[in-house]
Amino acid sequence: MVTLPESIVLHAKSLPEGGVLSPKEFLHLGSRAAVDQALSWLAKEGKLLRVARGTYVTPVSSRVGTRAPAPEKVVNALAAQSGEVVTLHGANASNALGLTRQVPIREAYLTSGRTRKLKLGRSEVMVKHAPHWMLALGAGPAGAAVRAVAWMGPAHAGESLAALRRTLPPSEWRTLTSARATLPSWMTRAIGEEALRG
């Protein structure tokens, strides 16, 4: 007969890299205490990584040993499991869109859910709650532009939007300008001023 820890490991291995496990998934196999104990034991044995309270992932094995799964894969799996919207932080968006050369030291994401820290091996990933307007345009270029401008701040909004108008595809620029009513007033004003220049 397959033991509870073996069942958990079998399920964990069937998931793609970064796939998350939570105790609730295994309550049909035993009591909550037994499931928690099995997960804790598997983490101590190195068969699972505890990334947050009640959240585990499978380490990735390679020729040189094991490593934590890629942060974006874990974050995307958490988002899929919880139904949250999760996107890159404004600092990452600013860098990706060419508004700054600063490369963020730590990986950070914005979420519609609660703020939490994920421990992935030696690194920590911050998943921070963001207001609805920051996530409303999704993960595409227009949404990234909103987060980038928010991160750059009101003092740099004009120059940031001028650069974005030159680099964003016209359809994404239109998406950004049409969403003005949902954005903070300082950003709405800056987008309107840049749109008039066009």
# chains A, B, ... in the order shown; residues from 1 in each chain; ligands from 1

$ residues_around --residues "segment 13-21 of chain A" --least-positions-apart "4" --cutoff "7 Å" --atoms "only C-alpha atoms" --output "MDAnalysis selection string"
chainID A and resid 9 55:57 69:70 73:74 77:78

$ write_last_selection --atoms "N, CA and C atoms" --output "PDB file, in the first residue's frame"
ATOM      1  N   VAL A   9       4.437  12.698  -2.822  1.00  0.00           N
ATOM      2  CA  VAL A   9       5.587  12.789  -3.737  1.00  0.00           C
ATOM      3  C   VAL A   9       5.167  12.425  -5.156  1.00  0.00           C
ATOM      4  N   THR A  55       2.325  26.124   1.789  1.00  0.00           N
ATOM      5  CA  THR A  55       2.588  26.066   0.345  1.00  0.00           C
ATOM      6  C   THR A  55       3.944  25.408   0.098  1.00  0.00           C
ATOM      7  N   TYR A  56       3.929  24.370  -0.717  1.00  0.00           N
ATOM      8  CA  TYR A  56       5.146  23.602  -1.001  1.00  0.00           C
ATOM      9  C   TYR A  56       5.323  23.451  -2.507  1.00  0.00           C
ATOM     10  N   VAL A  57       6.582  23.279  -2.928  1.00  0.00           N
ATOM     11  CA  VAL A  57       6.913  22.988  -4.323  1.00  0.00           C
ATOM     12  C   VAL A  57       7.943  21.869  -4.348  1.00  0.00           C
ATOM     13  N   PRO A  69      12.523  25.882  -7.928  1.00  0.00           N
ATOM     14  CA  PRO A  69      11.927  26.184  -9.233  1.00  0.00           C
ATOM     15  C   PRO A  69      12.065  27.678  -9.556  1.00  0.00           C
ATOM     16  N   ALA A  70      11.940  28.026 -10.826  1.00  0.00           N
ATOM     17  CA  ALA A  70      12.015  29.426 -11.255  1.00  0.00           C
ATOM     18  C   ALA A  70      10.903  30.219 -10.565  1.00  0.00           C
ATOM     19  N   LYS A  73       7.559  30.786 -12.310  1.00  0.00           N
ATOM     20  CA  LYS A  73       6.715  29.596 -12.451  1.00  0.00           C
ATOM     21  C   LYS A  73       5.927  29.330 -11.167  1.00  0.00           C
ATOM     22  N   VAL A  74       6.567  29.535 -10.020  1.00  0.00           N
ATOM     23  CA  VAL A  74       5.887  29.349  -8.740  1.00  0.00           C
ATOM     24  C   VAL A  74       4.787  30.394  -8.575  1.00  0.00           C
ATOM     25  N   ALA A  77       1.874  29.626 -10.813  1.00  0.00           N
ATOM     26  CA  ALA A  77       1.107  28.481 -10.297  1.00  0.00           C
ATOM     27  C   ALA A  77       0.241  28.906  -9.116  1.00  0.00           C
ATOM     28  N   LEU A  78       0.792  29.748  -8.234  1.00  0.00           N
ATOM     29  CA  LEU A  78       0.014  30.265  -7.101  1.00  0.00           C
ATOM     30  C   LEU A  78      -1.177  31.076  -7.598  1.00  0.00           C
TER      31      LEU A  78
END

$ residues_around --residues "Ser185 of chain A" --least-positions-apart "6" --cutoff "12 Å" --atoms "only C-alpha atoms" --output "tab-separated table (two decimals) with N, CA and C atoms, in the first residue's frame"
chain	number	residue	atom	x	y	z
A	133	TRP	N	-6.43	49.37	-9.93
A	133	TRP	CA	-6.07	50.12	-11.14
A	133	TRP	C	-4.71	49.72	-11.69
A	150	ALA	N	3.67	54.25	-12.68
A	150	ALA	CA	3.38	54.35	-11.24
A	150	ALA	C	4.67	54.25	-10.44
A	154	PRO	N	5.04	60.59	-10.13
A	154	PRO	CA	4.52	61.80	-10.79
A	154	PRO	C	5.61	62.70	-11.37
A	157	ALA	N	6.54	61.29	-14.78
A	157	ALA	CA	5.44	60.78	-15.61
A	157	ALA	C	5.51	61.29	-17.04
A	179	ALA	N	-7.93	53.91	-20.92
A	179	ALA	CA	-8.14	53.47	-19.53
A	179	ALA	C	-7.93	54.60	-18.52
A	191	ILE	N	-1.10	61.36	-18.97
A	191	ILE	CA	-1.44	60.63	-20.20
A	191	ILE	C	-2.19	61.55	-21.17
A	192	GLY	N	-3.15	62.32	-20.63
A	192	GLY	CA	-3.90	63.26	-21.47
A	192	GLY	C	-3.01	64.30	-22.13

$ atom_distance --atom1 "atom CA of Ser62 of chain A" --atom2 "atom CA of Leu88 of chain A"
27.2 Å

$ residues_around --residues "segment 112-116 of chain A" --least-positions-apart "3" --cutoff "8 Å" --atoms "only C-alpha atoms" --output "compact mmCIF listing (two decimals) with C-alpha atoms, in the first residue's frame"
# COMPACT_ATOMS: atom_id res chain seq x y z
CA ALA A 52 5.30 29.88 2.37
CA GLU A 84 -5.44 36.05 -8.28
CA VAL A 85 -4.07 38.42 -10.88
CA VAL A 86 -0.25 38.46 -10.63
CA MET A 126 8.03 39.42 -2.63
CA VAL A 127 4.43 39.16 -3.85
CA LYS A 128 2.85 42.48 -2.90
CA HIS A 129 -0.82 43.47 -2.89
CA ALA A 130 -1.54 46.18 -5.48
CA PRO A 131 -4.58 48.40 -6.01
CA HIS A 132 -7.03 47.32 -8.72
CA LEU A 135 -3.63 45.42 -12.47

$ select_by_dssp --residues "chain A" --states "alpha helix (DSSP H)" --output "MDAnalysis selection string"
chainID A and resid 4:14 32:44 71:82 90:96 132:135 141:152 157:167 170:178 185:197

$ atom_distance --atom1 "atom CA of His89 of chain A" --atom2 "atom CA of Tyr109 of chain A"
4.6 Å

$ residues_around --residues "Gly140 of chain A" --least-positions-apart "3" --cutoff "12 Å" --atoms "only C-alpha atoms" --output "list in words"
Val86, Thr87, Leu88, Ala93, Ala96, Leu97, Leu135, Ala136, Leu137, Gly143, Ala144, Ala145, Val146, Arg147, Leu168, Pro169, Ser171, Glu172, Trp173, Thr175 and Leu176 of chain A

$ write_last_selection --atoms "C-alpha atoms" --output "short mmCIF file (atom, residue, chain, number, x, y, z; two decimals), in the first residue's frame"
data_model
loop_
_atom_site.label_atom_id
_atom_site.label_comp_id
_atom_site.auth_asym_id
_atom_site.auth_seq_id
_atom_site.Cartn_x
_atom_site.Cartn_y
_atom_site.Cartn_z
CA VAL A 86 -0.25 38.46 -10.63
CA THR A 87 2.13 40.59 -12.71
CA LEU A 88 5.68 41.85 -12.59
CA ALA A 93 8.23 46.78 -15.99
CA ALA A 96 11.68 45.94 -19.51
CA LEU A 97 10.12 48.97 -21.24
CA LEU A 135 -3.63 45.42 -12.47
CA ALA A 136 -6.69 46.38 -14.53
CA LEU A 137 -4.94 46.30 -17.92
CA GLY A 143 -0.64 47.15 -18.20
CA ALA A 144 3.15 47.09 -17.83
CA ALA A 145 3.19 50.76 -18.87
CA VAL A 146 0.74 51.66 -16.05
CA ARG A 147 2.90 49.86 -13.47
CA LEU A 168 4.50 50.98 -27.41
CA PRO A 169 2.59 49.51 -30.35
CA SER A 171 -2.92 49.59 -30.20
CA GLU A 172 -1.32 49.37 -26.72
CA TRP A 173 -0.98 53.17 -26.55
CA THR A 175 -5.51 50.87 -24.66
CA LEU A 176 -3.50 52.93 -22.17
#

$ closest_residue --among "A:Thr111, A:Gly121, A:Leu39, A:Pro104" --to "Val60 of chain A" --atoms "only C-alpha atoms"
A:Gly121

$ select_by_dssp --residues "segment 109-165 of chain A" --states "strand (DSSP E)" --output "mmCIF file with N, CA, C and O atoms, in the first residue's frame"
data_model
loop_
_atom_site.group_PDB
_atom_site.id
_atom_site.type_symbol
_atom_site.label_atom_id
_atom_site.label_comp_id
_atom_site.auth_asym_id
_atom_site.auth_seq_id
_atom_site.Cartn_x
_atom_site.Cartn_y
_atom_site.Cartn_z
ATOM 1 N N TYR A 109 6.684 40.831 -7.408
ATOM 2 C CA TYR A 109 5.468 40.750 -8.208
ATOM 3 C C TYR A 109 4.360 41.518 -7.505
ATOM 4 O O TYR A 109 4.411 41.730 -6.295
ATOM 5 N N LEU A 110 3.370 41.914 -8.276
ATOM 6 C CA LEU A 110 2.182 42.561 -7.722
ATOM 7 C C LEU A 110 1.022 41.592 -7.855
ATOM 8 O O LEU A 110 0.936 40.858 -8.843
ATOM 9 N N THR A 111 0.115 41.611 -6.882
ATOM 10 C CA THR A 111 -1.007 40.678 -6.898
ATOM 11 C C THR A 111 -2.294 41.351 -6.446
ATOM 12 O O THR A 111 -2.262 42.323 -5.693
ATOM 13 N N ARG A 116 2.680 38.573 0.443
ATOM 14 C CA ARG A 116 3.402 37.486 1.094
ATOM 15 C C ARG A 116 4.813 37.363 0.530
ATOM 16 O O ARG A 116 5.093 37.821 -0.568
ATOM 17 N N LYS A 117 5.674 36.741 1.328
ATOM 18 C CA LYS A 117 7.040 36.457 0.896
ATOM 19 C C LYS A 117 7.143 34.982 0.603
ATOM 20 O O LYS A 117 6.645 34.157 1.367
ATOM 21 N N LEU A 118 7.794 34.656 -0.508
ATOM 22 C CA LEU A 118 8.035 33.263 -0.852
ATOM 23 C C LEU A 118 9.521 32.984 -0.675
ATOM 24 O O LEU A 118 10.355 33.781 -1.107
ATOM 25 N N LYS A 119 9.842 31.873 -0.044
ATOM 26 C CA LYS A 119 11.240 31.490 0.155
ATOM 27 C C LYS A 119 11.557 30.409 -0.858
ATOM 28 O O LYS A 119 10.995 29.319 -0.804
ATOM 29 N N LEU A 120 12.420 30.741 -1.817
ATOM 30 C CA LEU A 120 12.800 29.783 -2.859
ATOM 31 C C LEU A 120 14.299 29.528 -2.755
ATOM 32 O O LEU A 120 15.102 30.286 -3.295
ATOM 33 N N SER A 123 16.872 32.495 -2.046
ATOM 34 C CA SER A 123 16.297 33.797 -2.400
ATOM 35 C C SER A 123 14.864 33.950 -1.900
ATOM 36 O O SER A 123 14.154 32.971 -1.691
ATOM 37 N N GLU A 124 14.494 35.214 -1.709
ATOM 38 C CA GLU A 124 13.134 35.558 -1.286
ATOM 39 C C GLU A 124 12.455 36.324 -2.408
ATOM 40 O O GLU A 124 13.075 37.177 -3.038
ATOM 41 N N VAL A 125 11.221 36.001 -2.650
ATOM 42 C CA VAL A 125 10.446 36.685 -3.679
ATOM 43 C C VAL A 125 9.272 37.368 -2.990
ATOM 44 O O VAL A 125 8.528 36.732 -2.247
ATOM 45 N N MET A 126 9.124 38.656 -3.239
ATOM 46 C CA MET A 126 8.034 39.419 -2.630
ATOM 47 C C MET A 126 6.840 39.424 -3.588
ATOM 48 O O MET A 126 6.995 39.730 -4.771
ATOM 49 N N VAL A 127 5.684 39.077 -3.087
ATOM 50 C CA VAL A 127 4.434 39.160 -3.846
ATOM 51 C C VAL A 127 3.573 40.154 -3.077
ATOM 52 O O VAL A 127 3.093 39.855 -1.983
ATOM 53 N N LYS A 128 3.438 41.356 -3.633
ATOM 54 C CA LYS A 128 2.851 42.476 -2.902
ATOM 55 C C LYS A 128 1.465 42.832 -3.429
ATOM 56 O O LYS A 128 1.256 42.904 -4.636
ATOM 57 N N HIS A 129 0.533 43.063 -2.493
ATOM 58 C CA HIS A 129 -0.817 43.467 -2.893
ATOM 59 C C HIS A 129 -0.759 44.814 -3.614
ATOM 60 O O HIS A 129 -0.041 45.713 -3.193
#
